[in-house]
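Q: Just so it is clear, I am handing over input11.cif, which has mmCIF, C-alpha atoms and all ligand atoms.
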```cif
data_start
#
loop_
_atom_site.label_atom_id
_atom_site.label_comp_id
_atom_site.auth_asym_id
_atom_site.auth_seq_id
_atom_site.Cartn_x
_atom_site.Cartn_y
_atom_site.Cartn_z
CA MET A 250 1.15 18.12 -14.77
CA ASN A 251 0.46 15.03 -12.65
CA VAL A 252 2.91 14.15 -9.88
CA ILE A 253 3.26 10.72 -8.25
CA VAL A 254 5.05 10.71 -4.89
CA GLY A 255 6.35 7.28 -3.83
CA ALA A 256 7.09 6.36 -7.44
CA THR A 257 9.66 3.66 -6.62
CA GLY A 258 7.19 1.66 -4.51
CA ARG A 259 5.43 -1.58 -5.41
CA LEU A 260 2.21 0.29 -6.07
CA GLY A 261 3.74 3.66 -7.02
CA SER A 262 5.75 2.28 -9.95
CA ARG A 263 2.56 0.80 -11.45
CA VAL A 264 0.67 4.03 -10.81
CA VAL A 265 3.35 5.93 -12.75
CA GLU A 266 2.75 3.69 -15.80
CA ARG A 267 -1.03 4.06 -15.58
CA VAL A 268 -1.00 7.82 -15.02
CA ALA A 269 1.57 8.40 -17.78
CA ALA A 270 -0.78 6.56 -20.16
CA LEU A 271 -3.38 9.29 -19.52
CA GLY A 272 -1.19 11.52 -21.68
CA ALA A 273 -0.51 14.56 -19.49
CA ASP A 274 2.95 15.67 -18.35
CA THR A 275 3.89 13.15 -15.61
CA VAL A 276 6.48 13.51 -12.86
CA ALA A 277 7.63 10.46 -10.84
CA ALA A 278 9.01 11.52 -7.47
CA SER A 279 10.79 9.61 -4.74
CA ARG A 280 13.75 9.89 -2.42
CA PRO A 281 17.08 10.27 -4.27
CA VAL A 282 18.45 7.07 -2.77
CA ASP A 283 15.39 5.07 -3.87
CA TRP A 284 16.10 5.54 -7.55
CA GLU A 285 19.46 3.84 -7.36
CA ALA A 286 18.05 0.93 -5.34
CA SER A 287 14.93 0.56 -7.42
CA ALA A 288 14.65 -1.47 -10.59
CA ALA A 289 11.85 0.82 -11.76
CA VAL A 290 12.20 1.89 -15.38
CA LEU A 291 10.27 5.05 -16.08
CA PRO A 292 7.95 5.07 -19.10
CA SER A 293 9.22 7.32 -21.88
CA GLY A 294 8.36 10.97 -21.38
CA VAL A 295 8.01 10.66 -17.58
CA ARG A 296 10.25 13.05 -15.69
CA ARG A 297 12.04 11.96 -12.52
CA ALA A 298 12.14 14.23 -9.47
CA ASP A 299 13.82 13.83 -6.10
CA VAL A 300 11.82 14.45 -2.96
CA ASP A 301 12.08 13.46 0.69
CA LEU A 302 8.92 14.13 2.66
CA THR A 303 10.87 14.23 5.90
CA VAL A 304 12.82 17.29 4.72
CA ASP A 305 11.37 20.79 4.96
CA GLY A 306 11.33 22.66 1.65
CA SER A 307 11.77 19.48 -0.41
CA VAL A 308 8.11 19.23 -1.39
CA ASP A 309 6.91 22.72 -2.38
CA PRO A 310 8.87 23.07 -5.64
CA LEU A 311 7.70 19.62 -6.70
CA VAL A 312 3.95 20.13 -6.40
CA GLU A 313 3.52 23.82 -7.14
CA GLY A 314 0.90 24.28 -9.85
CA ALA A 315 0.32 20.53 -10.32
CA GLN A 316 -3.10 19.48 -11.55
CA THR A 317 -3.06 16.23 -9.55
CA VAL A 318 -0.68 14.91 -6.91
CA VAL A 319 -0.92 11.19 -6.11
CA ALA A 320 0.57 10.26 -2.72
CA THR A 321 1.41 6.57 -2.54
CA VAL A 322 4.07 6.89 0.10
CA HIS A 323 4.55 4.52 2.98
CA GLY A 324 7.04 4.55 5.84
CA ARG A 325 6.38 0.87 6.40
CA ASP A 326 9.97 -0.21 5.93
CA VAL A 327 11.62 2.44 8.04
CA THR A 328 13.83 0.84 10.63
CA THR A 329 13.61 3.37 13.45
CA ARG A 330 10.86 3.45 16.08
CA ASP A 331 9.65 6.92 15.04
CA GLY A 332 10.24 6.36 11.31
CA SER A 333 6.59 5.80 10.48
CA ARG A 334 5.60 8.98 12.30
CA LYS A 335 8.19 10.98 10.35
CA VAL A 336 6.93 9.70 6.98
CA ASP A 337 3.26 8.68 7.35
CA LEU A 338 2.23 11.51 9.67
CA GLU A 339 4.64 14.42 9.49
CA GLY A 340 5.74 13.74 5.89
CA SER A 341 2.19 13.35 4.59
CA ARG A 342 1.20 16.52 6.44
CA ARG A 343 4.12 18.35 4.83
CA LEU A 344 2.86 17.18 1.43
CA LEU A 345 -0.71 18.27 2.21
CA ARG A 346 0.39 21.77 3.26
CA ALA A 347 2.58 22.09 0.13
CA CYS A 348 -0.44 21.11 -2.01
CA GLU A 349 -2.49 23.85 -0.30
CA ARG A 350 0.20 26.47 -0.82
CA GLY A 351 0.85 25.35 -4.40
CA GLY A 352 -2.77 25.51 -5.53
CA VAL A 353 -2.85 21.83 -6.47
CA GLY A 354 -6.08 20.87 -8.27
CA GLN A 355 -6.48 17.42 -6.66
CA LEU A 356 -4.67 15.38 -4.03
CA VAL A 357 -5.18 11.64 -4.43
CA TYR A 358 -4.14 10.09 -1.13
CA VAL A 359 -3.55 6.35 -1.09
CA SER A 360 -4.49 5.20 2.39
CA THR A 361 -5.35 1.65 3.41
CA SER A 362 -8.43 -0.28 4.52
CA SER A 363 -6.46 -0.88 7.72
CA ALA A 364 -6.43 2.83 8.64
CA GLY A 365 -8.11 3.45 11.98
CA ALA A 366 -7.74 5.83 14.90
CA GLN A 367 -7.69 2.91 17.37
CA SER A 368 -5.46 0.60 15.35
CA PRO A 369 -2.69 -1.18 17.28
CA VAL A 370 -0.35 -0.34 14.37
CA ASP A 371 1.15 3.16 14.44
CA SER A 372 1.21 3.70 10.66
CA PHE A 373 -2.49 2.77 10.41
CA ARG A 374 -3.35 5.35 13.09
CA TYR A 375 -1.29 7.97 11.24
CA LYS A 376 -3.07 7.17 7.96
CA ALA A 377 -6.46 7.70 9.66
CA GLN A 378 -5.27 11.01 11.10
CA ILE A 379 -3.98 12.25 7.74
CA GLU A 380 -7.25 11.23 6.07
CA ASP A 381 -9.08 13.52 8.55
CA GLU A 382 -6.65 16.39 7.92
CA ILE A 383 -7.07 16.05 4.17
CA ARG A 384 -10.88 16.11 4.43
CA ALA A 385 -10.61 19.30 6.50
CA SER A 386 -8.12 20.95 4.13
CA ALA A 387 -8.57 23.46 1.32
CA VAL A 388 -7.26 21.03 -1.33
CA PRO A 389 -9.75 19.15 -3.53
CA TRP A 390 -9.14 15.52 -2.59
CA THR A 391 -9.83 11.87 -3.26
CA ILE A 392 -8.92 9.21 -0.68
CA LEU A 393 -8.50 5.59 -1.78
CA ARG A 394 -8.29 2.70 0.68
CA PRO A 395 -6.90 -0.46 -0.90
CA THR A 396 -7.34 -3.72 0.98
CA HIS A 397 -4.36 -6.06 1.29
CA PHE A 398 -2.21 -6.58 -1.77
CA MET A 399 -2.21 -10.16 -3.05
CA GLU A 400 1.42 -10.02 -4.16
CA VAL A 401 2.65 -8.71 -0.80
CA TRP A 402 0.86 -11.50 1.06
CA THR A 403 2.09 -14.12 -1.39
CA ASP A 404 5.59 -13.09 -0.37
CA VAL A 405 4.69 -13.15 3.34
CA LEU A 406 3.07 -16.58 3.20
CA THR A 407 5.68 -18.28 0.98
CA ARG A 408 8.76 -16.99 2.78
CA GLU A 409 9.36 -20.41 4.39
CA VAL A 410 8.51 -22.55 1.36
CA PRO A 411 12.17 -23.57 1.04
CA LYS A 412 11.73 -25.10 4.51
CA GLY A 413 8.67 -27.00 3.30
CA ARG A 414 5.90 -24.84 4.72
CA ILE A 415 3.47 -22.01 3.99
CA THR A 416 3.37 -20.01 7.21
CA VAL A 417 0.13 -18.35 8.30
CA PRO A 418 0.60 -15.72 11.03
CA GLY A 419 -2.19 -16.35 13.54
CA ARG A 420 -5.39 -18.31 12.99
CA GLY A 421 -5.90 -17.14 9.41
CA ARG A 422 -9.68 -17.12 9.63
CA THR A 423 -10.50 -13.46 8.84
CA PRO A 424 -11.90 -12.94 5.32
CA THR A 425 -10.30 -10.19 3.24
CA ARG A 426 -11.17 -8.80 -0.18
CA TRP A 427 -7.57 -9.00 -1.45
CA VAL A 428 -6.64 -6.77 -4.37
CA ALA A 429 -3.92 -7.18 -7.00
CA ILE A 430 -1.44 -4.32 -7.16
CA ASP A 431 -2.11 -3.61 -10.82
CA ASP A 432 -5.87 -3.47 -10.22
CA ALA A 433 -5.22 -0.95 -7.43
CA ALA A 434 -2.98 1.10 -9.75
CA ARG A 435 -5.72 1.13 -12.40
CA ALA A 436 -8.27 2.34 -9.85
CA ILE A 437 -5.92 5.10 -8.70
CA ALA A 438 -5.20 6.30 -12.24
CA SER A 439 -8.94 6.34 -12.97
CA VAL A 440 -9.60 9.04 -10.37
CA VAL A 441 -6.81 11.34 -11.61
CA GLY A 442 -8.54 14.44 -12.97
CA ASN A 443 -11.97 12.82 -12.51
CA PRO A 444 -14.41 15.35 -10.99
CA ALA A 445 -16.77 12.51 -9.97
CA ALA A 446 -14.12 11.28 -7.53
CA LEU A 447 -13.57 14.59 -5.71
CA GLY A 448 -14.46 14.56 -2.01
CA MET A 449 -14.83 10.79 -1.99
CA THR A 450 -13.28 8.16 0.27
CA LEU A 451 -13.43 4.88 -1.63
CA PRO A 452 -12.37 1.31 -0.88
CA VAL A 453 -10.28 -0.47 -3.51
CA ALA A 454 -11.19 -4.12 -3.11
CA GLY A 455 -10.87 -7.28 -5.16
CA PRO A 456 -13.57 -9.71 -6.29
CA GLN A 457 -13.07 -12.46 -3.66
CA ALA A 458 -13.40 -12.42 0.12
CA LEU A 459 -11.06 -15.21 1.25
CA THR A 460 -9.40 -15.99 4.57
CA VAL A 461 -5.63 -16.21 4.86
CA ASP A 462 -6.09 -19.96 5.43
CA GLU A 463 -7.96 -20.33 2.15
CA VAL A 464 -5.26 -18.37 0.33
CA ALA A 465 -2.53 -20.45 2.00
CA THR A 466 -4.21 -23.68 0.83
CA MET A 467 -4.40 -22.34 -2.73
CA LEU A 468 -0.75 -21.32 -2.57
CA SER A 469 0.21 -24.78 -1.32
CA ARG A 470 -1.65 -26.47 -4.18
CA ALA A 471 0.00 -24.14 -6.71
CA THR A 472 3.54 -24.62 -5.38
CA PRO A 473 5.76 -27.51 -6.50
CA GLY A 474 6.17 -29.95 -3.60
CA HIS A 475 2.87 -28.77 -2.05
CA PRO A 476 4.33 -27.39 1.20
CA ARG A 477 2.20 -27.94 4.29
CA VAL A 478 0.26 -25.02 5.80
CA ALA A 479 1.57 -24.16 9.28
CA HIS A 480 0.27 -21.57 11.76
CA VAL A 481 2.13 -19.27 14.13
CA PRO A 482 -0.10 -19.10 17.24
CA PRO A 483 -1.47 -15.60 18.05
CA ALA A 484 0.15 -15.71 21.52
CA LEU A 485 3.55 -16.26 19.92
CA LEU A 486 2.98 -13.30 17.58
CA ARG A 487 2.19 -11.07 20.56
CA VAL A 488 5.35 -12.19 22.35
CA ALA A 489 7.35 -11.49 19.17
CA THR A 490 6.13 -7.87 19.01
CA ILE A 491 7.04 -7.23 22.65
CA ALA A 492 10.43 -8.95 22.39
CA ASN A 493 11.39 -7.07 19.22
CA SER A 494 9.81 -3.64 19.65
CA LEU A 495 12.95 -2.05 21.08
CA HIS A 496 15.71 -3.47 18.90
CA ARG A 497 13.86 -4.62 15.77
CA PRO A 498 11.01 -2.09 15.42
CA LEU A 499 10.49 -2.83 11.72
CA PHE A 500 10.00 -6.56 12.37
CA ALA A 501 7.75 -5.77 15.36
CA ARG A 502 5.60 -3.45 13.18
CA HIS A 503 5.20 -6.13 10.51
CA VAL A 504 4.12 -8.68 13.12
CA ARG A 505 1.66 -6.14 14.58
CA MET A 506 0.17 -5.71 11.10
CA THR A 507 -0.41 -9.45 10.79
CA ILE A 508 -2.01 -9.54 14.26
CA ALA A 509 -4.35 -6.70 13.24
CA LEU A 510 -5.44 -8.59 10.13
CA ASP A 511 -5.81 -11.88 11.99
CA SER A 512 -7.87 -10.40 14.80
CA ALA A 513 -10.34 -8.68 12.46
CA ALA A 514 -9.14 -5.30 13.79
CA VAL A 515 -9.26 -4.27 10.12
CA PRO A 516 -12.89 -3.58 9.23
CA ALA A 517 -13.98 -4.94 5.85
CA PRO A 518 -15.48 -2.40 3.42
CA THR A 519 -19.27 -2.35 3.80
CA ASP A 520 -21.65 -3.21 0.94
CA ASP A 521 -22.61 0.47 0.70
CA GLU A 522 -18.97 1.54 0.42
CA LEU A 523 -18.33 -1.11 -2.24
CA ALA A 524 -21.42 0.00 -4.19
CA LEU A 525 -20.25 3.61 -4.09
CA ALA A 526 -16.78 2.60 -5.29
CA ALA A 527 -18.31 0.56 -8.12
CA ARG A 528 -19.93 3.74 -9.46
CA VAL A 529 -16.59 5.55 -9.73
CA LEU A 530 -13.76 2.98 -10.04
CA PRO A 531 -13.09 0.30 -12.66
CA PRO A 532 -13.73 -3.18 -11.22
CA ALA A 533 -10.75 -5.03 -9.75
CA ARG A 534 -11.10 -8.37 -11.49
CA THR A 535 -7.91 -10.28 -10.66
CA THR A 536 -8.64 -13.40 -8.60
CA TRP A 537 -6.22 -15.57 -6.65
CA GLN A 538 -6.66 -18.20 -9.36
CA ASP A 539 -5.49 -15.62 -11.94
CA LEU A 540 -2.53 -14.63 -9.81
CA LEU A 541 -1.42 -18.20 -9.14
CA ALA A 542 -1.68 -19.56 -12.65
CA PRO A 543 0.85 -20.46 -13.82
CA SER A 544 3.04 -20.72 -10.67
CA THR A 545 6.36 -19.66 -12.08
CA SER A 546 8.55 -17.59 -9.78
CA ARG A 547 7.67 -19.08 -6.39
CA PRO A 548 10.35 -21.12 -4.62
CA THR A 549 10.00 -24.89 -4.44
CA ALA A 550 9.46 -26.71 -1.15
CA HIS A 551 12.59 -28.32 0.34
CA GLN A 552 14.95 -26.18 -1.76
CA ALA A 553 16.74 -24.66 1.25
N1 LIG E 601 1.32 -3.17 0.93
C1 LIG E 601 0.01 -3.39 1.10
O1 LIG E 601 -0.47 -4.55 1.26
C2 LIG E 601 -0.93 -2.20 1.10
C3 LIG E 601 -2.29 -2.43 1.29
C4 LIG E 601 -3.17 -1.35 1.25
C5 LIG E 601 -2.70 -0.08 1.05
N2 LIG E 601 -1.36 0.14 0.89
C6 LIG E 601 -0.93 1.52 0.67
O2 LIG E 601 -0.41 1.65 -0.64
C7 LIG E 601 0.62 2.64 -0.65
C8 LIG E 601 1.87 2.08 -1.27
O3 LIG E 601 2.22 0.86 -0.62
P1 LIG E 601 3.42 -0.04 -1.16
O4 LIG E 601 3.22 -1.40 -0.61
O5 LIG E 601 3.57 0.15 -2.63
O6 LIG E 601 4.62 0.66 -0.39
P2 LIG E 601 6.19 0.61 -0.73
O7 LIG E 601 6.50 -0.41 -1.78
O8 LIG E 601 6.87 0.51 0.58
O9 LIG E 601 6.43 2.05 -1.41
C9 LIG E 601 6.31 3.24 -0.67
C10 LIG E 601 7.02 4.36 -1.40
O10 LIG E 601 7.16 5.51 -0.54
C11 LIG E 601 8.54 5.92 -0.58
N3 LIG E 601 8.96 6.69 0.57
C12 LIG E 601 9.20 6.23 1.82
N4 LIG E 601 9.62 7.24 2.61
C13 LIG E 601 9.65 8.36 1.84
C14 LIG E 601 10.01 9.72 2.07
N5 LIG E 601 10.47 10.14 3.26
N6 LIG E 601 9.90 10.62 1.05
C15 LIG E 601 9.48 10.23 -0.18
N7 LIG E 601 9.14 8.94 -0.47
C16 LIG E 601 9.22 8.01 0.53
C17 LIG E 601 9.21 4.60 -0.68
O11 LIG E 601 10.57 4.64 -0.86
P3 LIG E 601 11.49 3.41 -0.20
O12 LIG E 601 11.43 2.30 -1.23
O13 LIG E 601 12.84 3.99 -0.02
O14 LIG E 601 10.89 3.02 1.13
C18 LIG E 601 8.44 4.00 -1.82
O15 LIG E 601 8.73 4.62 -3.04
C19 LIG E 601 0.80 3.10 0.80
O16 LIG E 601 0.04 4.25 1.00
C20 LIG E 601 0.21 1.93 1.60
O17 LIG E 601 -0.29 2.33 2.85
C21 LIG E 601 -0.46 -0.90 0.89
#
```
Here is the file; what I need is its structure written in the form of structure tokens.

A:
Amino acid sequence: MNVIVGATGRLGSRVVERVAALGADTVAASRPVDWEASAAVLPSGVRRADVDLTVDGSVDPLVEGAQTVVATVHGRDVTTRDGSRKVDLEGSRRLLRACERGGVGQLVYVSTSSAGAQSPVDSFRYKAQIEDEIRASAVPWTILRPTHFMEVWTDVLTREVPKGRITVPGRGRTPTRWVAIDDAARAIASVVGNPAALGMTLPVAGPQALTVDEVATMLSRATPGHPRVAHVPPALLRVATIANSLHRPLFARHVRMTIALDSAAVPAPTDDELALAARVLPPARTTWQDLLAPSTSRPTAHQA
């Protein structure tokens, strides 16, 4: 039995499809409320399970005896100040301990290339801490660190297209090896039950290293009306985090994430790390050109 926790998420729903295709008994788990809100349609034969990582006792029955547990959970969208800690730190720890107690054969933990003990973003610090706890645990593990998802950043950058602009938070000059969500899902499914991936921490990175500015220019060219590329100055981003941290912690966290990317606080995977990943993971081939052609669902400039 393979269990995917976070199955209603952008990445998790694709992981469910890919893991189910491996043929083993597959369980897709998420919070009860998520299923109603989510448009995810489970592949035939996949069982649904309810789990909330913030609740004691919710996790053990789910993972007991599982061959592989894939954790693709993220408290990114929690709206309380301590929400990320409850999910990304305490919730992930609860899952890890349940995997130990349940004799799970492999824990595949989806972290992020942004994880770092000194990160200015709380969830990225928690991810780094959980990575360390997993490496020190008794559970056989694989840790995957995707870079930034192309689709997520397309949404971020095109949010103001109806007002006639592509908005780049900050200077936009830091190169990133963006990865498409489906490529990341394929990489994750490839390590499920794969002994060569045990004990490995691997980056999941796409084929192109492009700056946010370069991506924004491509998005502008691919969008009807060719909206102009505008920048939000870094100083204004910093003011926005301070002004919103008390009453709009979710918004403040999102802005902090963009500052971290813009300031190169997110280290790029090294050539050695990429070479190691290439020996174990299928290549992520989707380019921005692939993703943007044809430009169908994006809004048109001046449609507000
Ligand atoms: N987004 C990116 O650009 C990016 C880049 C690199 C790595 N990653 C990593 O990829 C993974 C998935 O990211 P994503 O963008 O797909 O996230 P997402 O769409 O926000 O999905 C996260 C999933 O976790 C679920 N979840 C949240 N709190 C939970 C709880 N208490 N108990 C059980 N499930 C809970 C979510 O449910 P709700 O829908 O109710 O919140 C959702 O199903 C994360 O580990 C993230 O760090 C993301």

Q: One decimal, in Å: what's the spacing between atom O4 of ligand LIG 601 (chain E) and atom CA of Ser262 of chain A?

A: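 Those two atoms sit 10.4 Å apart.
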
Q: So what do you get for atom C16 of ligand LIG 601 (chain E) versus atom CA of Gly258 of chain A, distance-wise?

A: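 Computed distance, atom C16 of ligand LIG 601 (chain E) to atom CA of Gly258 of chain A, equals 8.4 Å.
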
Q: One number please: atom CA of Ala278 of chain A to atom CA of Thr317 of chain A, in Å, one decimal.

A: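 Interatomic distance, atom CA of Ala278 of chain A to atom CA of Thr317 of chain A: 13.1 Å.
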
Q: Using only C-alpha atoms, which residues sit within 12 Å of Val290 of chain A once same-chain residues fewer than 5 positions away are excluded, as a PyMOL selection string?

A: chain A and resi 256-258+262-263+265-266+277+284-285+295-297

Q: Could you dump the residues just selected with C-alpha atoms as a tab-separated table (two decimals), in the frame of the given file?

A:
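Okay, this is what ended up in again.tsv:
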```
chain	number	residue	atom	x	y	z
A	256	ALA	CA	7.09	6.36	-7.44
A	257	THR	CA	9.66	3.66	-6.62
A	258	GLY	CA	7.19	1.66	-4.51
A	262	SER	CA	5.75	2.28	-9.95
A	263	ARG	CA	2.56	0.80	-11.45
A	265	VAL	CA	3.35	5.93	-12.75
A	266	GLU	CA	2.75	3.69	-15.80
A	277	ALA	CA	7.63	10.46	-10.84
A	284	TRP	CA	16.10	5.54	-7.55
A	285	GLU	CA	19.46	3.84	-7.36
A	295	VAL	CA	8.01	10.66	-17.58
A	296	ARG	CA	10.25	13.05	-15.69
A	297	ARG	CA	12.04	11.96	-12.52
```

Q: With distances taken over all atoms listed in the file, which residue among A:Ser363, A:Asn251, A:Ser439, A:Thr507 lies nearest ligand LIG 601 (chain E)?

A: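 Among the listed residues, the smallest separation from ligand LIG 601 (chain E) belongs to A:Ser363.
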
Q: Between chain A and ligand LIG 601 (chain E), at 7 Å or less, what are the per-residue closest atom pairs and their distances in Å? Count all atoms listed in the file, order by chain and rising residue number, and return it as CSV.

A:
```
residue,atom,partner,partner_atom,distance
A:Val254,CA,E:LIG601,N7,6.3
A:Gly255,CA,E:LIG601,O15,3.7
A:Ala256,CA,E:LIG601,O15,5.0
A:Thr257,CA,E:LIG601,O15,3.8
A:Gly258,CA,E:LIG601,O9,3.2
A:Arg259,CA,E:LIG601,O5,3.8
A:Leu260,CA,E:LIG601,O5,3.7
A:Gly261,CA,E:LIG601,O5,5.6
A:Ser279,CA,E:LIG601,N7,4.6
A:Arg280,CA,E:LIG601,C15,4.8
A:Val282,CA,E:LIG601,O13,7.0
A:Asp283,CA,E:LIG601,O13,4.7
A:Val300,CA,E:LIG601,C15,5.6
A:Asp301,CA,E:LIG601,N6,3.6
A:Leu302,CA,E:LIG601,N6,4.0
A:Thr303,CA,E:LIG601,N5,4.9
A:Thr321,CA,E:LIG601,C7,4.4
A:Val322,CA,E:LIG601,O10,3.4
A:His323,CA,E:LIG601,C9,4.2
A:Gly324,CA,E:LIG601,C12,4.9
A:Arg325,CA,E:LIG601,O8,5.9
A:Asp326,CA,E:LIG601,O14,5.9
A:Val327,CA,E:LIG601,O14,7.0
A:Val336,CA,E:LIG601,N5,5.2
A:Gly340,CA,E:LIG601,N5,6.5
A:Val359,CA,E:LIG601,O16,4.7
A:Ser360,CA,E:LIG601,O16,4.8
A:Thr361,CA,E:LIG601,C5,3.9
A:Ser362,CA,E:LIG601,C4,6.3
A:Arg394,CA,E:LIG601,C5,6.3
A:Pro395,CA,E:LIG601,C4,4.4
A:Thr396,CA,E:LIG601,C4,4.8
A:His397,CA,E:LIG601,O1,4.2
A:Phe398,CA,E:LIG601,O1,4.0
A:Val401,CA,E:LIG601,O1,5.6
```

Q: Using only C-alpha atoms, which of the listed residues (A:Arg470, A:Arg505, A:Arg346, A:Arg374) sits closest to Pro483 of chain A?

A: A:Arg505

Q: Determine, counting all atoms listed in the file, which protein, DNA and RNA residues have an atom within 7 Å of an atom of Leu406 of chain A; residues of the same chain fewer than 6 positions away are not included. Present the result as JSON, numbers by chain.

A: {"A": [415, 416, 417, 465]}

Q: Please provide as a ChimeraX atom specification all residues within 12 Å of Arg487 of chain A, with the sequence filter that same-chain residues fewer than 2 positions apart are discarded (counting all atoms listed in the file).

A: /A:369,418-419,481-485,489-494,501-509,511-512

Q: Point out the residue among A:Phe500, A:Trp537, A:Trp427, A:Tyr358 with the least atom-to-atom distance to Trp390 of chain A, counting all atoms listed in the file.

A: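 Of the candidates, the smallest distance to Trp390 of chain A is held by A:Tyr358.
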
Q: Nearest to Gly413 of chain A: which of A:Val388, A:Ala433, A:Val478, A:Val464 is it, counting all atoms listed in the file?

A: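 Smallest separation from Gly413 of chain A among the options: A:Val478.
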
Q: Measuring between all atoms listed in the file, which one of A:Met250, A:Leu271, A:Ala364, A:Ala436 shows the shortest distance to Leu510 of chain A?

A: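 Nearest candidate to Leu510 of chain A out of A:Met250, A:Leu271, A:Ala364, A:Ala436: A:Ala364.
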
Q: Tell me which protein, DNA and RNA residues are within 9 Å of Asp432 of chain A, counting all atoms listed in the file, leaving out same-chain ones fewer than 3 positions away, and put them as a list in words.

A: Val428, Ala429, Arg435, Ala436, Ile437, Val453, Ala454, Gly455, Pro531, Pro532, Ala533, Arg534 and Thr535 of chain A

Q: Nearest to Asp331 of chain A: which of A:Leu499, A:Ala270, A:Ala298, A:Val252 is it, counting only C-alpha atoms?

A: A:Leu499

Q: May I have the residues within 12 Å of Gly448 of chain A as number ranges by chain, using only C-alpha atoms and disregarding those fewer than 3 positions away in the same chain?

A: A: 355-358, 380-381, 383-393, 440, 443-445, 451

Q: Please supply segment 394-411 of chain A, rebuilt with N, CA and C atoms, as a PDB file, in the coordinates of the input.

A:
```pdb
ATOM      1  N   ARG A 394      -8.693   3.608  -0.397  1.00  0.00           N
ATOM      2  CA  ARG A 394      -8.290   2.700   0.680  1.00  0.00           C
ATOM      3  C   ARG A 394      -8.189   1.272   0.153  1.00  0.00           C
ATOM      4  N   PRO A 395      -7.042   0.930  -0.444  1.00  0.00           N
ATOM      5  CA  PRO A 395      -6.900  -0.460  -0.900  1.00  0.00           C
ATOM      6  C   PRO A 395      -6.920  -1.437   0.281  1.00  0.00           C
ATOM      7  N   THR A 396      -7.453  -2.637   0.009  1.00  0.00           N
ATOM      8  CA  THR A 396      -7.340  -3.720   0.980  1.00  0.00           C
ATOM      9  C   THR A 396      -5.922  -4.294   0.857  1.00  0.00           C
ATOM     10  N   HIS A 397      -5.726  -5.504   1.304  1.00  0.00           N
ATOM     11  CA  HIS A 397      -4.360  -6.060   1.290  1.00  0.00           C
ATOM     12  C   HIS A 397      -3.956  -6.510  -0.111  1.00  0.00           C
ATOM     13  N   PHE A 398      -2.693  -6.228  -0.434  1.00  0.00           N
ATOM     14  CA  PHE A 398      -2.210  -6.580  -1.770  1.00  0.00           C
ATOM     15  C   PHE A 398      -1.891  -8.074  -1.852  1.00  0.00           C
ATOM     16  N   MET A 399      -2.431  -8.721  -2.871  1.00  0.00           N
ATOM     17  CA  MET A 399      -2.210 -10.160  -3.050  1.00  0.00           C
ATOM     18  C   MET A 399      -0.721 -10.504  -3.145  1.00  0.00           C
ATOM     19  N   GLU A 400       0.009  -9.696  -3.912  1.00  0.00           N
ATOM     20  CA  GLU A 400       1.420 -10.020  -4.160  1.00  0.00           C
ATOM     21  C   GLU A 400       2.246  -9.907  -2.881  1.00  0.00           C
ATOM     22  N   VAL A 401       1.908  -8.896  -2.048  1.00  0.00           N
ATOM     23  CA  VAL A 401       2.650  -8.710  -0.800  1.00  0.00           C
ATOM     24  C   VAL A 401       2.425  -9.924   0.099  1.00  0.00           C
ATOM     25  N   TRP A 402       1.165 -10.377   0.171  1.00  0.00           N
ATOM     26  CA  TRP A 402       0.860 -11.500   1.060  1.00  0.00           C
ATOM     27  C   TRP A 402       1.340 -12.836   0.492  1.00  0.00           C
ATOM     28  N   THR A 403       1.463 -12.911  -0.811  1.00  0.00           N
ATOM     29  CA  THR A 403       2.090 -14.120  -1.390  1.00  0.00           C
ATOM     30  C   THR A 403       3.516 -14.223  -0.875  1.00  0.00           C
ATOM     31  N   ASP A 404       4.215 -13.081  -0.878  1.00  0.00           N
ATOM     32  CA  ASP A 404       5.590 -13.090  -0.370  1.00  0.00           C
ATOM     33  C   ASP A 404       5.635 -13.452   1.114  1.00  0.00           C
ATOM     34  N   VAL A 405       4.710 -12.877   1.892  1.00  0.00           N
ATOM     35  CA  VAL A 405       4.690 -13.150   3.340  1.00  0.00           C
ATOM     36  C   VAL A 405       4.463 -14.639   3.598  1.00  0.00           C
ATOM     37  N   LEU A 406       3.478 -15.202   2.902  1.00  0.00           N
ATOM     38  CA  LEU A 406       3.070 -16.580   3.200  1.00  0.00           C
ATOM     39  C   LEU A 406       4.066 -17.614   2.675  1.00  0.00           C
ATOM     40  N   THR A 407       4.783 -17.270   1.596  1.00  0.00           N
ATOM     41  CA  THR A 407       5.680 -18.280   0.980  1.00  0.00           C
ATOM     42  C   THR A 407       7.136 -18.131   1.412  1.00  0.00           C
ATOM     43  N   ARG A 408       7.372 -17.243   2.372  1.00  0.00           N
ATOM     44  CA  ARG A 408       8.760 -16.990   2.780  1.00  0.00           C
ATOM     45  C   ARG A 408       9.467 -18.277   3.220  1.00  0.00           C
ATOM     46  N   GLU A 409       8.717 -19.198   3.858  1.00  0.00           N
ATOM     47  CA  GLU A 409       9.360 -20.410   4.390  1.00  0.00           C
ATOM     48  C   GLU A 409       9.108 -21.636   3.532  1.00  0.00           C
ATOM     49  N   VAL A 410       8.714 -21.409   2.281  1.00  0.00           N
ATOM     50  CA  VAL A 410       8.510 -22.550   1.360  1.00  0.00           C
ATOM     51  C   VAL A 410       9.785 -23.375   1.204  1.00  0.00           C
ATOM     52  N   PRO A 411      10.967 -22.738   1.126  1.00  0.00           N
ATOM     53  CA  PRO A 411      12.170 -23.570   1.040  1.00  0.00           C
ATOM     54  C   PRO A 411      12.332 -24.513   2.231  1.00  0.00           C
TER      55      PRO A 411
END
```
